[in-house]
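Here's the structure we're looking at; comments come further down.
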Amino acid sequence: MPKTKSTIPNVEFVRENLSYDPLTGDFWWKTPGSRRNLDRPAGSISIQGYRVLGISGKLYKAHRLAWLITHGVWPTNQIDHRNGTRSDNRLCNLREATNGTNQENQRRGRSNNTAGYLGVYRASTSSKFRAVIQVAGTRHHLGVYATAEEAHQVYLQAKRRLHAGNTL
């Protein structure tokens, strides 16, 4: 659910209280506060691996604040970490992206993926493995293979083609 205007931090307030280094991705408090340490980067790492900062009693993800400070507007879409490292908030690593584009950047299978490889699923009727890729909301079956590793290699080849702008 998108944030409403009341939950978007004021850009002037953020710029007055925080400095952002686009080369390192670090944030620093400009003024001391009851729980602020001016000797180390602002915020903390969440359980999900994102750096978060508390502003006016609400937590905000640092990559969204970096976008706000740099561009002067709250991002309308998701902010994708190009290298997949959620705590790497260097400006060169951030891009505004749709959910679909952000999902294409995924590097690991979900926790319930029993095959252990991204884009690979155990075929339900046999002991073989199915390679599947999703493009623009449509699932494309890439074939059934004897091993999960083989299916994963086919998936990676398809992913490389798609990221290069080719189609299936």
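Just remember, in the structure tokens the first chain shown is A, the second B, etc., residues are 1-based per chain, and ligands are 1-based in the order shown.
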Excluding stretch 41-45 of chain A and any residue of its chain fewer than 4 positions from it, enumerate the residues within 12 Å of it, using only C-alpha atoms, and give them as a PyMOL selection string. chain A and resi 17-21+24-33+35-37+49-55+58-63+65+85-89
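Each of A:Gly84, A:Ala151, A:Ala158, A:Thr98 was compared to A:Ala136 using only C-alpha atoms, and A:Thr98 turns out to be the nearest.
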List every residue of chain A that DSSP, applied to the backbone of this structure, places in helix (DSSP H, G or I), and write the result as JSON, numbers by chain. {"A": [5, 6, 7, 11, 12, 13, 14, 15, 16, 17, 62, 63, 64, 65, 66, 67, 68, 69, 70, 71, 91, 92, 93, 99, 100, 101, 102, 103, 104, 148, 149, 150, 151, 152, 153, 154, 155, 156, 157, 158, 159, 160, 161, 162, 163]}
Residues from last step as file, N, CA and C atoms, as a short mmCIF file (atom, residue, chain, number, x, y, z; two decimals), in the first residue's frame:
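And here is the file that came out, again14.cif:
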data_model
loop_
_atom_site.label_atom_id
_atom_site.label_comp_id
_atom_site.auth_asym_id
_atom_site.auth_seq_id
_atom_site.Cartn_x
_atom_site.Cartn_y
_atom_site.Cartn_z
N LYS A 5 0.38 11.12 2.05
CA LYS A 5 1.18 12.33 2.24
C LYS A 5 1.53 12.56 3.70
N SER A 6 0.65 12.15 4.62
CA SER A 6 0.91 12.40 6.03
C SER A 6 2.09 11.57 6.56
N THR A 7 2.44 10.47 5.88
CA THR A 7 3.55 9.64 6.36
C THR A 7 4.84 9.88 5.58
N VAL A 11 10.79 17.10 3.02
CA VAL A 11 12.14 17.12 2.46
C VAL A 11 13.01 18.17 3.13
N GLU A 12 12.46 19.33 3.45
CA GLU A 12 13.25 20.37 4.11
C GLU A 12 13.69 19.92 5.49
N PHE A 13 12.77 19.29 6.23
CA PHE A 13 13.10 18.80 7.57
C PHE A 13 14.21 17.76 7.49
N VAL A 14 14.10 16.83 6.55
CA VAL A 14 15.11 15.78 6.40
C VAL A 14 16.46 16.38 6.03
N ARG A 15 16.47 17.31 5.10
CA ARG A 15 17.73 17.94 4.68
C ARG A 15 18.36 18.76 5.80
N GLU A 16 17.53 19.37 6.65
CA GLU A 16 18.05 20.17 7.77
C GLU A 16 18.68 19.29 8.85
N ASN A 17 18.17 18.07 9.02
CA ASN A 17 18.59 17.22 10.12
C ASN A 17 19.54 16.09 9.75
N ALA A 62 16.38 3.83 4.50
CA ALA A 62 17.40 4.80 4.09
C ALA A 62 17.43 5.01 2.58
N HIS A 63 17.19 3.96 1.79
CA HIS A 63 17.26 4.14 0.34
C HIS A 63 16.17 5.09 -0.15
N ARG A 64 15.01 5.09 0.51
CA ARG A 64 13.94 6.02 0.13
C ARG A 64 14.29 7.45 0.57
N LEU A 65 14.94 7.57 1.73
CA LEU A 65 15.38 8.89 2.19
C LEU A 65 16.49 9.43 1.29
N ALA A 66 17.37 8.56 0.82
CA ALA A 66 18.42 8.99 -0.11
C ALA A 66 17.80 9.57 -1.37
N TRP A 67 16.75 8.91 -1.85
CA TRP A 67 16.06 9.40 -3.04
C TRP A 67 15.42 10.77 -2.77
N LEU A 68 14.80 10.89 -1.61
CA LEU A 68 14.16 12.15 -1.22
C LEU A 68 15.18 13.28 -1.14
N ILE A 69 16.29 13.05 -0.45
CA ILE A 69 17.30 14.09 -0.30
C ILE A 69 17.91 14.47 -1.65
N THR A 70 18.18 13.49 -2.48
CA THR A 70 18.85 13.73 -3.76
C THR A 70 17.92 14.38 -4.79
N HIS A 71 16.70 13.86 -4.90
CA HIS A 71 15.79 14.31 -5.96
C HIS A 71 14.73 15.29 -5.50
N LEU A 91 24.25 6.19 -4.07
CA LEU A 91 23.33 6.66 -5.09
C LEU A 91 23.47 5.87 -6.40
N CYS A 92 24.71 5.49 -6.77
CA CYS A 92 24.92 4.73 -8.01
C CYS A 92 24.30 3.33 -7.94
N ASN A 93 23.95 2.87 -6.74
CA ASN A 93 23.35 1.54 -6.57
C ASN A 93 21.83 1.60 -6.49
N ASN A 99 7.63 -2.95 -9.48
CA ASN A 99 7.76 -4.21 -8.76
C ASN A 99 8.33 -5.30 -9.67
N GLY A 100 7.89 -5.34 -10.90
CA GLY A 100 8.37 -6.35 -11.84
C GLY A 100 9.86 -6.23 -12.11
N THR A 101 10.33 -5.01 -12.32
CA THR A 101 11.76 -4.78 -12.55
C THR A 101 12.56 -5.15 -11.32
N ASN A 102 12.04 -4.80 -10.15
CA ASN A 102 12.73 -5.11 -8.90
C ASN A 102 12.83 -6.63 -8.71
N GLN A 103 11.79 -7.36 -9.05
CA GLN A 103 11.80 -8.81 -8.91
C GLN A 103 12.80 -9.46 -9.86
N GLU A 104 13.04 -8.85 -11.02
CA GLU A 104 14.02 -9.41 -11.96
C GLU A 104 15.42 -9.40 -11.37
N ALA A 148 18.56 -30.22 -10.53
CA ALA A 148 18.25 -28.84 -10.20
C ALA A 148 19.31 -27.90 -10.77
N GLU A 149 20.56 -28.33 -10.76
CA GLU A 149 21.65 -27.51 -11.26
C GLU A 149 21.48 -27.23 -12.75
N GLU A 150 21.10 -28.27 -13.51
CA GLU A 150 20.90 -28.12 -14.95
C GLU A 150 19.73 -27.16 -15.23
N ALA A 151 18.65 -27.30 -14.50
CA ALA A 151 17.50 -26.41 -14.66
C ALA A 151 17.88 -24.97 -14.31
N HIS A 152 18.70 -24.81 -13.29
CA HIS A 152 19.13 -23.48 -12.87
C HIS A 152 19.99 -22.82 -13.94
N GLN A 153 20.85 -23.57 -14.60
CA GLN A 153 21.69 -23.02 -15.66
C GLN A 153 20.82 -22.52 -16.83
N VAL A 154 19.78 -23.27 -17.16
CA VAL A 154 18.85 -22.84 -18.23
C VAL A 154 18.14 -21.56 -17.81
N TYR A 155 17.71 -21.50 -16.55
CA TYR A 155 17.06 -20.30 -16.02
C TYR A 155 18.01 -19.09 -16.13
N LEU A 156 19.27 -19.26 -15.71
CA LEU A 156 20.23 -18.16 -15.74
C LEU A 156 20.48 -17.67 -17.17
N GLN A 157 20.54 -18.59 -18.14
CA GLN A 157 20.73 -18.20 -19.53
C GLN A 157 19.54 -17.37 -20.02
N ALA A 158 18.33 -17.77 -19.64
CA ALA A 158 17.14 -17.02 -20.03
C ALA A 158 17.14 -15.65 -19.37
N LYS A 159 17.54 -15.60 -18.12
CA LYS A 159 17.57 -14.33 -17.40
C LYS A 159 18.58 -13.38 -18.04
N ARG A 160 19.75 -13.88 -18.43
CA ARG A 160 20.75 -13.04 -19.09
C ARG A 160 20.22 -12.47 -20.42
N ARG A 161 19.51 -13.31 -21.19
CA ARG A 161 18.93 -12.85 -22.45
C ARG A 161 17.92 -11.74 -22.20
N LEU A 162 17.08 -11.93 -21.18
CA LEU A 162 16.03 -10.95 -20.91
C LEU A 162 16.61 -9.64 -20.41
N HIS A 163 17.66 -9.70 -19.60
CA HIS A 163 18.26 -8.48 -19.10
C HIS A 163 19.03 -7.75 -20.20
#
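Taking atom CA of A:Asp80 as the reference point, atom CA of A:Leu23 is found at 16.8 Å.
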Expressed in Å to a single decimal, how great is the separation between atom CA of A:Trp74 and atom CA of A:Glu96? 10.6 Å
Using atom CA of A:His140 and atom CA of A:Leu94 as the two end points, give the distance in Å to one decimal. 28.3 Å
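The closest residue to A:Pro75, picked from A:Asp39, A:Arg122, A:Ala97, A:Gly57 and counting only C-alpha atoms, is A:Ala97.
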From the DSSP assignment of the backbone, select every residue of stretch 21-107 of chain A that is strand (DSSP E or B), and format the answer as a ChimeraX atom specification. /A:27-29,44-45,51-55,58-61,78-81,94-97
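The closest residue to A:Gly72, picked from A:Leu38, A:Tyr145, A:Pro9, A:Arg139 and counting only C-alpha atoms, is A:Pro9.
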